[in-house]
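Dumped start.cif below, it's mmCIF, C-alpha atoms:
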data_structure
loop_
_atom_site.label_atom_id
_atom_site.label_comp_id
_atom_site.auth_asym_id
_atom_site.auth_seq_id
_atom_site.Cartn_x
_atom_site.Cartn_y
_atom_site.Cartn_z
CA MET E 7 54.24 16.17 45.67
CA PHE E 8 55.67 14.76 42.49
CA CYS E 9 56.19 16.20 39.04
CA LYS E 10 55.44 14.19 35.89
CA THR E 11 59.06 13.09 35.54
CA THR E 12 59.13 11.68 39.04
CA LEU E 13 55.86 9.83 38.53
CA PHE E 14 57.15 8.42 35.25
CA THR E 15 60.30 7.21 37.00
CA VAL E 16 58.14 5.45 39.58
CA ALA E 17 56.13 3.81 36.79
CA LEU E 18 59.28 2.57 35.05
CA ALA E 19 60.66 1.23 38.33
CA LEU E 20 57.46 -0.73 38.91
CA LEU E 21 57.55 -2.16 35.40
CA SER E 22 61.20 -3.16 35.57
CA SER E 23 60.61 -5.01 38.84
CA ALA E 24 57.79 -7.11 37.37
CA SER E 25 58.34 -10.85 37.58
CA PRO E 26 57.01 -13.55 35.24
CA ILE E 27 56.37 -15.80 38.25
CA ALA E 28 52.84 -17.19 38.04
CA ARG E 29 52.78 -18.73 41.51
CA ASP E 30 54.68 -18.16 44.71
CA ASP E 31 55.16 -21.25 46.85
CA VAL E 32 56.66 -19.33 49.75
CA GLU E 33 54.47 -16.59 51.14
CA SER E 34 55.04 -14.20 53.99
CA SER E 35 54.50 -15.32 57.53
CA VAL E 36 51.39 -14.07 59.22
CA MET E 37 53.69 -12.33 61.71
CA ALA E 38 55.48 -10.31 59.00
CA GLY E 39 52.65 -7.91 58.24
CA ILE E 40 49.99 -5.85 59.95
CA HIS E 41 46.32 -6.78 60.44
CA VAL E 42 43.75 -4.08 59.73
CA PRO E 43 40.27 -5.39 60.65
CA LEU E 44 37.57 -4.36 58.18
CA THR E 45 33.89 -3.87 58.93
CA LYS E 46 31.10 -4.38 56.42
CA ARG E 47 29.13 -1.15 55.97
CA GLY E 48 26.01 -1.23 53.80
CA SER E 49 24.88 -3.63 51.10
CA LEU E 50 23.09 -3.76 47.78
CA LYS E 51 20.82 -6.45 49.25
CA ASN E 52 18.73 -5.60 52.30
CA ALA E 53 17.95 -7.85 55.27
CA GLN E 54 14.91 -9.25 53.43
CA GLY E 55 17.04 -10.19 50.42
CA ILE E 56 15.62 -7.43 48.20
CA PHE E 57 17.86 -5.67 45.69
CA GLU E 58 18.44 -2.03 46.67
CA TYR E 59 17.93 -0.53 43.21
CA GLU E 60 18.63 3.09 44.15
CA ARG E 61 21.84 2.22 45.95
CA ALA E 62 22.98 0.18 42.96
CA VAL E 63 22.28 3.00 40.51
CA ARG E 64 24.18 5.47 42.69
CA HIS E 65 27.06 3.02 42.93
CA LEU E 66 27.22 2.46 39.17
CA VAL E 67 27.08 6.21 38.42
CA ASN E 68 29.82 6.93 40.95
CA LEU E 69 31.88 4.05 39.56
CA LYS E 70 31.69 5.53 36.05
CA ASN E 71 32.77 8.89 37.42
CA LYS E 72 35.60 7.38 39.45
CA TYR E 73 37.15 5.89 36.32
CA ARG E 74 36.43 9.09 34.40
CA GLN E 75 38.43 10.93 37.07
CA ASN E 76 41.18 8.28 36.90
CA LEU E 77 41.58 8.95 33.17
CA ILE E 78 41.54 12.72 33.74
CA ASN E 79 44.29 12.27 36.35
CA LEU E 80 46.27 10.04 34.01
CA GLU E 81 45.99 12.57 31.19
CA GLY E 82 47.08 15.37 33.53
CA ASN E 83 50.09 13.38 34.72
CA PHE E 84 51.27 11.85 31.42
CA GLY E 85 49.03 12.94 28.54
CA LYS E 86 46.59 10.90 26.46
CA ASP E 87 49.40 8.80 25.00
CA ALA E 88 49.42 6.94 28.33
CA PHE E 89 45.79 5.79 27.94
CA PRO E 90 45.10 2.06 27.58
CA LEU E 91 44.00 0.98 24.11
CA GLY E 92 40.44 2.13 23.47
CA ALA E 93 40.20 4.28 26.59
CA GLU E 94 38.55 7.70 26.45
CA ILE E 95 37.23 10.23 28.92
CA LYS E 96 33.45 10.03 28.91
CA ALA E 97 30.98 12.77 29.84
CA LEU E 98 30.20 13.04 33.52
CA ALA E 99 27.67 10.32 34.39
CA THR E 100 24.56 11.64 36.12
CA LEU E 101 21.80 10.13 38.18
CA PRO E 102 18.41 9.56 36.54
CA ALA E 103 16.06 12.49 37.03
CA HIS E 104 13.71 10.57 39.33
CA LEU E 105 16.58 10.00 41.79
CA LEU E 106 17.87 13.56 41.61
CA GLY E 107 14.49 14.96 42.54
CA GLY E 108 14.18 12.95 45.71
CA LYS E 109 17.62 13.66 47.16
CA ARG E 110 17.71 17.41 47.71
CA GLY E 111 16.54 17.37 51.31
CA ALA E 112 17.28 15.31 54.39
CA VAL E 113 17.75 11.62 53.58
CA PRO E 114 17.99 8.71 56.05
CA LEU E 115 21.42 7.11 56.29
CA THR E 116 20.14 3.83 54.88
CA ASP E 117 19.15 5.60 51.65
CA GLN E 118 22.75 6.75 51.16
CA ALA E 119 24.52 3.43 51.82
CA PHE E 120 24.74 2.90 48.08
CA ASP E 121 27.88 0.81 48.12
CA LEU E 122 28.94 -2.45 49.64
CA GLU E 123 31.94 -1.27 51.65
CA TRP E 124 34.44 -2.76 54.01
CA THR E 125 35.88 0.02 56.13
CA GLY E 126 38.79 0.13 58.53
CA PRO E 127 40.60 2.52 60.89
CA ILE E 128 43.55 4.82 60.28
CA THR E 129 45.07 7.77 62.13
CA ILE E 130 46.44 11.03 60.71
CA GLY E 131 48.72 13.44 62.54
CA ASN E 132 50.69 13.67 65.79
CA PRO E 133 48.89 12.94 68.01
CA GLY E 134 46.77 10.70 65.80
CA GLN E 135 43.28 11.73 64.72
CA ASN E 136 41.03 8.72 64.04
CA PHE E 137 39.18 8.05 60.78
CA THR E 138 37.17 5.19 59.30
CA MET E 139 38.18 4.67 55.67
CA ASP E 140 37.01 2.91 52.53
CA PHE E 141 40.13 1.09 51.23
CA ASP E 142 40.03 1.36 47.43
CA THR E 143 42.44 -0.34 45.02
CA GLY E 144 40.66 1.46 42.16
CA SER E 145 41.95 4.93 43.07
CA SER E 146 45.20 6.42 44.33
CA ASP E 147 44.45 9.39 46.58
CA LEU E 148 43.70 9.63 50.28
CA TRP E 149 41.14 12.20 51.40
CA VAL E 150 39.28 12.96 54.61
CA PRO E 151 36.94 15.77 55.75
CA ALA E 152 38.60 18.87 57.18
CA ALA E 153 37.68 20.72 60.36
CA ALA E 154 36.74 23.69 58.17
CA CYS E 155 34.08 21.66 56.34
CA GLN E 156 30.57 22.94 57.09
CA SER E 157 28.79 19.98 55.45
CA CYS E 158 30.81 17.17 57.05
CA SER E 159 29.20 17.00 60.50
CA ASN E 160 28.47 13.28 60.22
CA HIS E 161 32.14 12.41 59.91
CA SER E 162 35.41 12.65 61.80
CA LEU E 163 37.26 15.83 60.83
CA TYR E 164 40.98 16.48 60.30
CA ASP E 165 42.24 19.50 62.18
CA PRO E 166 45.75 20.48 61.02
CA ALA E 167 46.13 22.83 64.01
CA LYS E 168 46.03 19.80 66.33
CA SER E 169 48.90 17.99 64.60
CA SER E 170 52.54 18.92 65.18
CA SER E 171 53.54 17.33 61.84
CA SER E 172 50.95 18.90 59.52
CA THR E 173 52.05 20.89 56.45
CA LYS E 174 49.72 22.71 54.06
CA TYR E 175 50.38 22.62 50.32
CA ASN E 176 49.37 24.95 47.54
CA GLY E 177 46.80 23.65 45.09
CA THR E 178 43.33 22.14 45.18
CA PHE E 179 41.65 18.73 45.11
CA ALA E 180 38.21 18.06 43.60
CA ILE E 181 35.99 15.07 42.75
CA HIS E 182 32.73 15.36 40.81
CA TYR E 183 29.64 13.25 41.53
CA GLY E 184 26.68 12.16 39.47
CA ASP E 185 24.19 14.30 41.38
CA GLY E 186 26.00 17.43 40.22
CA SER E 187 27.80 18.03 43.51
CA THR E 188 31.54 18.00 44.25
CA ALA E 189 33.94 17.22 47.05
CA SER E 190 36.87 19.63 47.14
CA GLY E 191 39.61 20.73 49.47
CA THR E 192 43.27 21.45 50.15
CA PRO E 193 46.34 19.20 50.03
CA TYR E 194 48.29 18.59 53.24
CA SER E 195 51.05 16.26 54.34
CA ASP E 196 51.17 14.55 57.70
CA THR E 197 51.93 11.23 59.35
CA VAL E 198 49.39 8.58 58.29
CA THR E 199 49.28 5.32 60.22
CA VAL E 200 47.43 2.13 59.25
CA GLY E 201 47.74 -0.59 61.85
CA GLY E 202 51.40 -0.36 62.84
CA VAL E 203 52.59 0.99 59.48
CA ALA E 204 53.30 4.72 59.42
CA ALA E 205 54.13 6.97 56.45
CA THR E 206 55.56 10.37 57.33
CA ASN E 207 54.97 13.42 55.14
CA GLN E 208 52.18 11.58 53.36
CA VAL E 209 50.25 13.84 50.99
CA PHE E 210 46.45 13.72 51.21
CA ALA E 211 43.47 16.02 50.75
CA ALA E 212 41.51 17.63 53.57
CA VAL E 213 38.05 18.21 52.08
CA THR E 214 36.35 21.49 52.96
CA LYS E 215 33.28 20.90 50.79
CA GLU E 216 31.73 17.45 50.86
CA SER E 217 29.42 16.07 48.21
CA SER E 218 25.82 15.42 49.18
CA SER E 219 26.39 11.94 47.74
CA PHE E 220 29.00 11.27 50.42
CA SER E 221 27.73 13.22 53.41
CA SER E 222 25.86 10.25 54.89
CA ASP E 223 28.29 7.53 53.81
CA PRO E 224 29.45 5.32 56.70
CA SER E 225 33.13 5.93 55.90
CA ASP E 226 34.90 9.21 56.59
CA GLY E 227 36.87 9.19 53.37
CA VAL E 228 38.65 7.16 50.70
CA PHE E 229 42.05 5.49 51.07
CA GLY E 230 43.49 4.91 47.59
CA LEU E 231 45.69 1.84 47.08
CA GLY E 232 46.26 2.23 43.33
CA PHE E 233 49.48 3.29 41.62
CA PRO E 234 50.93 6.84 41.59
CA GLN E 235 50.01 7.44 37.93
CA LEU E 236 46.33 7.88 38.87
CA SER E 237 46.86 10.42 41.63
CA ASN E 238 44.79 13.60 41.37
CA LEU E 239 47.22 15.11 43.90
CA ARG E 240 50.23 14.01 41.80
CA SER E 241 51.63 12.40 44.91
CA THR E 242 52.85 9.00 46.02
CA PRO E 243 50.07 6.86 47.57
CA PHE E 244 50.41 5.69 51.17
CA PHE E 245 51.58 2.13 50.50
CA HIS E 246 54.32 3.23 48.10
CA THR E 247 55.43 5.86 50.62
CA ALA E 248 55.56 3.25 53.40
CA LEU E 249 57.65 0.97 51.17
CA LYS E 250 60.10 3.76 50.35
CA GLN E 251 60.42 4.66 54.03
CA GLY E 252 60.87 1.02 55.05
CA THR E 253 57.90 0.84 57.41
CA ALA E 254 55.99 -1.78 55.39
CA PRO E 255 57.65 -5.20 55.88
CA GLU E 256 57.06 -6.22 52.24
CA GLY E 257 55.63 -4.74 49.06
CA ILE E 258 52.43 -6.75 49.42
CA PHE E 259 48.97 -6.13 50.81
CA ALA E 260 46.02 -8.49 50.77
CA PHE E 261 42.27 -8.59 51.37
CA LYS E 262 39.84 -11.05 52.83
CA LEU E 263 36.27 -9.80 52.37
CA ASP E 264 33.42 -11.67 54.04
CA GLN E 265 30.45 -11.18 56.32
CA THR E 266 32.79 -11.61 59.32
CA GLY E 267 36.54 -11.74 59.82
CA SER E 268 37.33 -9.36 56.97
CA GLU E 269 40.74 -7.72 56.97
CA LEU E 270 43.33 -5.78 55.05
CA PHE E 271 46.80 -7.21 55.67
CA ILE E 272 49.69 -4.82 55.03
CA GLY E 273 53.25 -5.95 54.35
CA GLY E 274 52.62 -9.60 53.49
CA THR E 275 49.83 -12.16 53.49
CA ASN E 276 47.96 -13.76 56.36
CA THR E 277 48.61 -17.46 55.77
CA ALA E 278 45.90 -18.39 58.29
CA LEU E 279 43.24 -17.09 55.90
CA TYR E 280 44.04 -19.13 52.79
CA THR E 281 45.24 -22.56 51.70
CA GLY E 282 47.69 -23.59 48.98
CA ASP E 283 49.74 -21.25 46.83
CA VAL E 284 48.98 -17.73 45.71
CA GLU E 285 48.51 -17.70 41.93
CA TYR E 286 50.02 -14.47 40.60
CA HIS E 287 49.28 -12.71 37.33
CA ASN E 288 51.40 -9.82 36.09
CA VAL E 289 49.89 -6.35 35.80
CA THR E 290 49.49 -5.81 32.06
CA ASN E 291 50.18 -2.09 31.76
CA THR E 292 51.80 0.85 33.52
CA VAL E 293 48.84 3.22 33.59
CA GLY E 294 48.12 2.80 37.29
CA PHE E 295 45.37 0.18 37.53
CA TRP E 296 45.66 -3.21 39.18
CA GLN E 297 44.89 -4.68 35.75
CA ILE E 298 45.65 -8.25 34.67
CA GLY E 299 45.07 -9.81 31.26
CA GLY E 300 44.20 -13.15 29.71
CA ALA E 301 40.95 -13.52 31.63
CA ALA E 302 38.10 -15.89 30.83
CA VAL E 303 34.59 -16.10 32.27
CA ALA E 304 32.70 -19.38 32.35
CA LEU E 305 29.10 -20.43 32.91
CA GLN E 306 28.62 -23.90 34.42
CA GLY E 307 32.24 -24.58 33.46
CA THR E 308 31.84 -23.56 29.81
CA ALA E 309 33.78 -20.48 28.70
CA LEU E 310 31.61 -17.67 27.36
CA ALA E 311 34.34 -15.09 26.78
CA SER E 312 38.13 -15.05 26.98
CA GLY E 313 41.19 -12.93 26.31
CA PHE E 314 39.96 -9.81 28.09
CA ASP E 315 41.59 -7.65 30.76
CA THR E 316 40.31 -7.25 34.31
CA ILE E 317 40.83 -4.49 36.87
CA ILE E 318 40.63 -5.76 40.45
CA ASP E 319 38.91 -2.98 42.39
CA SER E 320 38.10 -3.29 46.10
CA GLY E 321 36.10 -0.06 45.89
CA SER E 322 33.43 -1.53 43.60
CA THR E 323 30.80 -4.21 44.08
CA ILE E 324 28.79 -5.39 41.04
CA ILE E 325 31.07 -6.79 38.30
CA THR E 326 30.97 -4.44 35.31
CA ALA E 327 31.69 -5.45 31.73
CA PRO E 328 31.52 -3.46 28.49
CA PRO E 329 27.82 -3.37 27.52
CA ALA E 330 28.21 -5.70 24.51
CA ALA E 331 30.22 -8.20 26.56
CA ALA E 332 27.62 -8.16 29.36
CA ALA E 333 24.80 -8.72 26.87
CA ALA E 334 26.71 -11.63 25.32
CA PHE E 335 27.22 -13.15 28.75
CA TRP E 336 23.56 -12.90 29.73
CA ALA E 337 22.47 -14.28 26.35
CA GLY E 338 23.96 -17.56 27.51
CA VAL E 339 22.00 -17.63 30.78
CA GLY E 340 18.62 -19.31 30.57
CA GLY E 341 15.72 -17.13 31.71
CA ALA E 342 17.80 -13.94 31.95
CA ARG E 343 16.22 -10.65 30.84
CA GLU E 344 17.33 -7.06 30.71
CA PHE E 345 16.01 -5.38 33.85
CA ASP E 346 17.31 -1.83 33.33
CA LYS E 347 18.88 -1.02 29.96
CA GLU E 348 20.23 2.37 31.04
CA GLN E 349 22.08 0.93 34.05
CA GLY E 350 22.98 -2.38 32.38
CA LEU E 351 21.24 -4.53 35.00
CA TRP E 352 19.94 -8.04 34.29
CA ALA E 353 17.46 -10.28 36.14
CA LEU E 354 16.95 -14.05 36.16
CA PRO E 355 14.91 -16.60 38.16
CA CYS E 356 16.11 -16.62 41.77
CA ASP E 357 16.17 -20.44 41.84
CA ALA E 358 18.22 -20.75 38.65
CA PHE E 359 21.47 -18.90 39.41
CA PRO E 360 24.27 -20.57 37.46
CA GLU E 361 27.84 -21.27 38.52
CA VAL E 362 29.96 -18.35 37.32
CA SER E 363 33.75 -18.51 37.41
CA PHE E 364 36.81 -16.64 36.21
CA ASN E 365 40.31 -17.84 35.36
CA TRP E 366 43.52 -16.31 34.05
CA GLY E 367 45.08 -19.44 32.58
CA GLY E 368 45.50 -21.22 35.91
CA LYS E 369 43.01 -22.23 38.56
CA THR E 370 39.28 -21.65 38.19
CA TRP E 371 37.84 -19.23 40.75
CA ILE E 372 34.13 -19.80 41.36
CA ILE E 373 31.79 -17.07 42.60
CA SER E 374 29.24 -18.46 45.04
CA ALA E 375 25.59 -18.18 43.99
CA GLU E 376 24.93 -16.15 47.14
CA ASP E 377 27.55 -13.56 46.19
CA PHE E 378 26.45 -13.44 42.54
CA ASN E 379 22.81 -12.89 43.53
CA ALA E 380 22.29 -9.17 44.24
CA GLY E 381 18.77 -9.70 45.58
CA MET E 382 15.11 -9.96 44.56
CA THR E 383 13.84 -7.34 42.14
CA GLU E 384 11.05 -6.62 44.65
CA GLU E 385 9.53 -8.19 47.73
CA GLY E 386 8.09 -11.61 46.97
CA SER E 387 9.50 -11.70 43.43
CA ASP E 388 10.84 -14.90 41.94
CA GLU E 389 13.35 -12.84 39.93
CA CYS E 390 16.71 -11.63 41.25
CA ILE E 391 19.41 -9.29 39.93
CA GLY E 392 22.59 -10.88 38.63
CA GLY E 393 26.06 -9.77 39.67
CA ILE E 394 27.30 -8.64 36.23
CA ALA E 395 26.20 -5.29 34.79
CA GLY E 396 26.98 -3.66 31.46
CA ALA E 397 28.68 -0.27 31.88
CA ASP E 398 30.91 1.87 29.70
CA LEU E 399 33.64 3.10 32.04
CA GLY E 400 35.69 4.61 29.24
CA LEU E 401 38.22 1.77 29.45
CA GLY E 402 37.61 0.32 25.99
CA ASN E 403 35.68 -2.76 24.91
CA ASN E 404 38.00 -5.37 26.36
CA THR E 405 38.28 -4.47 30.05
CA TRP E 406 36.07 -5.77 32.86
CA LEU E 407 35.97 -4.49 36.43
CA LEU E 408 35.93 -7.08 39.22
CA GLY E 409 35.06 -5.84 42.70
CA ASP E 410 33.93 -7.49 45.86
CA THR E 411 31.30 -9.67 44.14
CA PHE E 412 34.35 -11.60 42.96
CA MET E 413 36.77 -10.78 45.79
CA LYS E 414 34.51 -12.31 48.45
CA SER E 415 35.19 -15.73 46.88
CA VAL E 416 39.01 -15.55 47.01
CA TYR E 417 41.93 -14.29 49.06
CA THR E 418 43.24 -11.40 46.95
CA VAL E 419 46.89 -10.30 47.02
CA PHE E 420 48.30 -7.08 45.52
CA SER E 421 52.07 -7.19 45.05
CA VAL E 422 54.04 -4.04 44.25
CA ASP E 423 57.20 -6.15 44.44
CA LYS E 424 56.02 -8.49 41.67
CA ASN E 425 53.83 -5.91 39.91
CA ALA E 426 51.11 -8.54 40.04
CA VAL E 427 47.73 -9.53 41.47
CA GLY E 428 47.36 -12.93 43.09
CA PHE E 429 44.52 -15.17 44.22
CA ALA E 430 44.37 -18.01 46.71
CA GLN E 431 41.68 -20.35 48.04
CA LEU E 432 40.06 -19.08 51.23
CA ALA E 433 40.68 -21.26 54.26
#
Structure translated into structure tokens:
Amino acid sequence: MFCKTTLFTVALALLSSASPIARDDVESSVMAGIHVPLTKRGSLKNAQGIFEYERAVRHLVNLKNKYRQNLINLEGNFGKDAFPLGAEIKALATLPAHLLGGKRGAVPLTDQAFDLEWTGPITIGNPGQNFTMDFDTGSSDLWVPAAACQSCSNHSLYDPAKSSSSTKYNGTFAIHYGDGSTASGTPYSDTVTVGGVAATNQVFAAVTKESSSFSSDPSDGVFGLGFPQLSNLRSTPFFHTALKQGTAPEGIFAFKLDQTGSELFIGGTNTALYTGDVEYHNVTNTVGFWQIGGAAVALQGTALASGFDTIIDSGSTIITAPPAAAAAFWAGVGGAREFDKEQGLWALPCDAFPEVSFNWGGKTWIISAEDFNAGMTEEGSDECIGGIAGADLGLGNNTWLLGDTFMKSVYTVFSVDKNAVGFAQLA
């Protein structure tokens, strides 16, 4: 594991390698990297097209707490001076009382699939132990359930005694959830393999107490793809380890997220999945987020807001904006009304969804109406929930969070080499 000085050195190295290149005309061959097929698990819209309100609320509460934990980690690693402008650690977000009361006993799996996830396989150890992971660019730690966990029976379990390369570390790992529960465990290092890319002595957490919020989740754990600065374990995330060890062909990974054919591509881009150039935008700070600036959002081609920052987060679904920015956006949408003030959700006529797009000074990236529509407010309703919610994540009043509601409409590239995020047109 790394001390603060080492993490700071990593941060400076990333910043110094940043390139002002906006586009890259020559991308990696499809043969250069590794395919990791992703499977869609759960949705905020059920098979009948109805918005899953409870799942959405759980997702938004957990999202607030994820970024709260990110800021706590950042403060622990570098101090508050490293915070982005306007950022502050908020109180732990909690579920509304009516949801807390109904979730103390046994709950069907479908009631816990609160997030729209794309999961994929990894192995840990020698010989490899198999896990299904949620790949998350909005966090930086890897954690899986441990064999010693008494509440993790629904998931694959890591048994260090069955791996010849396992090493236990001193210290603890803990994440807090909005229902008052926690997931906690012990740090280990072992060989972690994703596709054909292996990282030896990779630090991760083996959870011995699993949150009730996660016990029925379809993934076994979380696979952080953020920067080292956000690590709760104060360790180097998998992809940075693989780069240092030379097992990743390039300092690039990319996502295609869709109903079918979804994949994470490690060590390059899959040129079969997109057309034209990748349009890159430099990461705007060194605090650990995949954050790019100069964003604008448009409605029917007319800009409603501009000059804000965006974090591209594969571990989130509904787009979240600061509450005032979300309200200003929805004020420009005919027929829109506030559906849930506490959760920042808005509804509008199902047959009147507008064209919503984002740009960062280059191409315009349009979100399809299907992806922006989170589902009917109830069965038979002519109102549907829109894909932008107002939420205070503690990131200031000028930072939006774009997850898979946006990412499903583009091929998304994360470049450590360029210290940039890129977008390309899906093939």
Of the listed residues E:Pro193, E:Gly338, E:Pro43, E:Gly201, that which approaches Val303 of chain E most closely, counting all atoms listed in the file:
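Of all the options, E:Gly338 lies closest to Val303 of chain E.
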Report, in Å to a single decimal, how far apart atom CA of Ser145 of chain E and atom CA of Tyr73 of chain E are.
8.3 Å
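In this structure, atom CA of Gly92 of chain E sits 20.7 Å away from atom CA of Gly232 of chain E.
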Of the listed residues E:Thr383, E:Asn176, E:Gln306, E:Ser312, that which approaches Val362 of chain E most closely, counting all atoms listed in the file
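Of E:Thr383, E:Asn176, E:Gln306, E:Ser312, the one nearest Val362 of chain E, counting all atoms listed in the file, is E:Gln306.
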Gly82 of chain E environment, 10 Å, only C-alpha atoms, sequence neighbours closer than 6 positions dropped, as a list in words
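Within the cut-off, the hits are Lys10, Asn76, Gln235, Leu236, Ser237, Asn238 and Arg240 of chain E.
Using all atoms listed in the file, the nearest neighbour of Leu408 of chain E within the list E:Thr281, E:Asn379, E:Asn276, E:Thr143 is E:Thr143.
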What is the atom CA of Leu351 of chain E-atom CA of Ala260 of chain E distance in Å, reported with one decimal?
29.6 Å
Mind telling me what the PyMOL selection byres ((chain E and resi 390) around 12) catches here, as a short mmCIF file (atom, residue, chain, number, x, y, z; two decimals) with C-alpha atoms, in the frame of the given file?
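The result, stored in expr37.cif:
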data_model
loop_
_atom_site.label_atom_id
_atom_site.label_comp_id
_atom_site.auth_asym_id
_atom_site.auth_seq_id
_atom_site.Cartn_x
_atom_site.Cartn_y
_atom_site.Cartn_z
CA LYS E 51 20.82 -6.45 49.25
CA GLY E 55 17.04 -10.19 50.42
CA ILE E 56 15.62 -7.43 48.20
CA PHE E 57 17.86 -5.67 45.69
CA GLU E 58 18.44 -2.03 46.67
CA TYR E 59 17.93 -0.53 43.21
CA GLY E 341 15.72 -17.13 31.71
CA ALA E 342 17.80 -13.94 31.95
CA ARG E 343 16.22 -10.65 30.84
CA GLU E 344 17.33 -7.06 30.71
CA PHE E 345 16.01 -5.38 33.85
CA LEU E 351 21.24 -4.53 35.00
CA TRP E 352 19.94 -8.04 34.29
CA ALA E 353 17.46 -10.28 36.14
CA LEU E 354 16.95 -14.05 36.16
CA PRO E 355 14.91 -16.60 38.16
CA CYS E 356 16.11 -16.62 41.77
CA ASP E 357 16.17 -20.44 41.84
CA ALA E 358 18.22 -20.75 38.65
CA PHE E 359 21.47 -18.90 39.41
CA ALA E 375 25.59 -18.18 43.99
CA GLU E 376 24.93 -16.15 47.14
CA PHE E 378 26.45 -13.44 42.54
CA ASN E 379 22.81 -12.89 43.53
CA ALA E 380 22.29 -9.17 44.24
CA GLY E 381 18.77 -9.70 45.58
CA MET E 382 15.11 -9.96 44.56
CA THR E 383 13.84 -7.34 42.14
CA GLU E 384 11.05 -6.62 44.65
CA GLU E 385 9.53 -8.19 47.73
CA GLY E 386 8.09 -11.61 46.97
CA SER E 387 9.50 -11.70 43.43
CA ASP E 388 10.84 -14.90 41.94
CA GLU E 389 13.35 -12.84 39.93
CA ILE E 391 19.41 -9.29 39.93
CA GLY E 392 22.59 -10.88 38.63
CA GLY E 393 26.06 -9.77 39.67
#
Between E:Asp196, E:Tyr280, E:Asn160, E:Ala189, which is the closest to Gln135 of chain E once you count all atoms listed in the file?
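Ranking E:Asp196, E:Tyr280, E:Asn160, E:Ala189 by distance to Gln135 of chain E, first place goes to E:Asp196.
Shortest separation to Glu348 of chain E among E:Thr100, E:Asn365, E:Gln156, E:Thr45 occurs at residue E:Thr100, atoms counted being all atoms listed in the file.
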Starting from the PyMOL selection byres ((chain E and resi 44) around 9), expand the selection into actual residues of this file and give them as a count of residues only.
15
Which is closer to Gly300 of chain E than all the others in E:Ile130, E:Leu69, E:Ala327, E:Ile317, using all atoms listed in the file?
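Comparing E:Ile130, E:Leu69, E:Ala327, E:Ile317 against Gly300 of chain E, the winner is E:Ile317.
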When the PyMOL selection byres ((chain E and resi 409) around 8) is applied to the file above, which residues end up in the set, as a compact mmCIF listing (two decimals) with C-alpha atoms, in the frame of the given file?
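So expr.txt came out as:
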# COMPACT_ATOMS: atom_id res chain seq x y z
CA ILE E 318 40.63 -5.76 40.45
CA ASP E 319 38.91 -2.98 42.39
CA SER E 320 38.10 -3.29 46.10
CA GLY E 321 36.10 -0.06 45.89
CA SER E 322 33.43 -1.53 43.60
CA THR E 323 30.80 -4.21 44.08
CA ILE E 324 28.79 -5.39 41.04
CA ILE E 325 31.07 -6.79 38.30
CA LEU E 407 35.97 -4.49 36.43
CA LEU E 408 35.93 -7.08 39.22
CA ASP E 410 33.93 -7.49 45.86
CA THR E 411 31.30 -9.67 44.14
CA PHE E 412 34.35 -11.60 42.96
CA MET E 413 36.77 -10.78 45.79
Got a sec: who's within 7 Å of Phe314 of chain E, counting all atoms listed in the file, leaving out chain neighbours fewer than 4 positions off, as a PDB file with C-alpha atoms, in the frame of the given file?
ATOM      1  CA  GLY E 299      45.070  -9.810  31.260  1.00  0.00           C
ATOM      2  CA  GLY E 300      44.200 -13.150  29.710  1.00  0.00           C
ATOM      3  CA  ALA E 301      40.950 -13.520  31.630  1.00  0.00           C
ATOM      4  CA  ALA E 302      38.100 -15.890  30.830  1.00  0.00           C
ATOM      5  CA  ASN E 404      38.000  -5.370  26.360  1.00  0.00           C
ATOM      6  CA  THR E 405      38.280  -4.470  30.050  1.00  0.00           C
TER       7      THR E 405
END
Neighbour list for Tyr175 of chain E as a compact mmCIF listing (two decimals) with C-alpha atoms, in the frame of the given file, cut-off 7 Å, only C-alpha atoms, skip fewer than 2 positions in-chain:
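Below you can see around.txt, which holds the result:
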# COMPACT_ATOMS: atom_id res chain seq x y z
CA THR E 173 52.05 20.89 56.45
CA GLY E 177 46.80 23.65 45.09
CA PRO E 193 46.34 19.20 50.03
CA TYR E 194 48.29 18.59 53.24
Selection near segment 203-209 of chain E, 10 Å with only C-alpha atoms, sequence-local residues under 5 positions removed, as a ChimeraX atom specification
/E:7,39-40,128-131,147-149,171-175,193-198,239-255,272-273
Taking (51.1, -7.0, 38.2) in the file's coordinates, which residues come within 7 Å, counting all atoms listed in the file, written as a list of chain:residue names?
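In the file's frame, the residues around the point are E:Ala24, E:His287, E:Asn288, E:Val289, E:Thr290, E:Trp296, E:Ile298, E:Ser421, E:Lys424, E:Asn425, E:Ala426, E:Val427.
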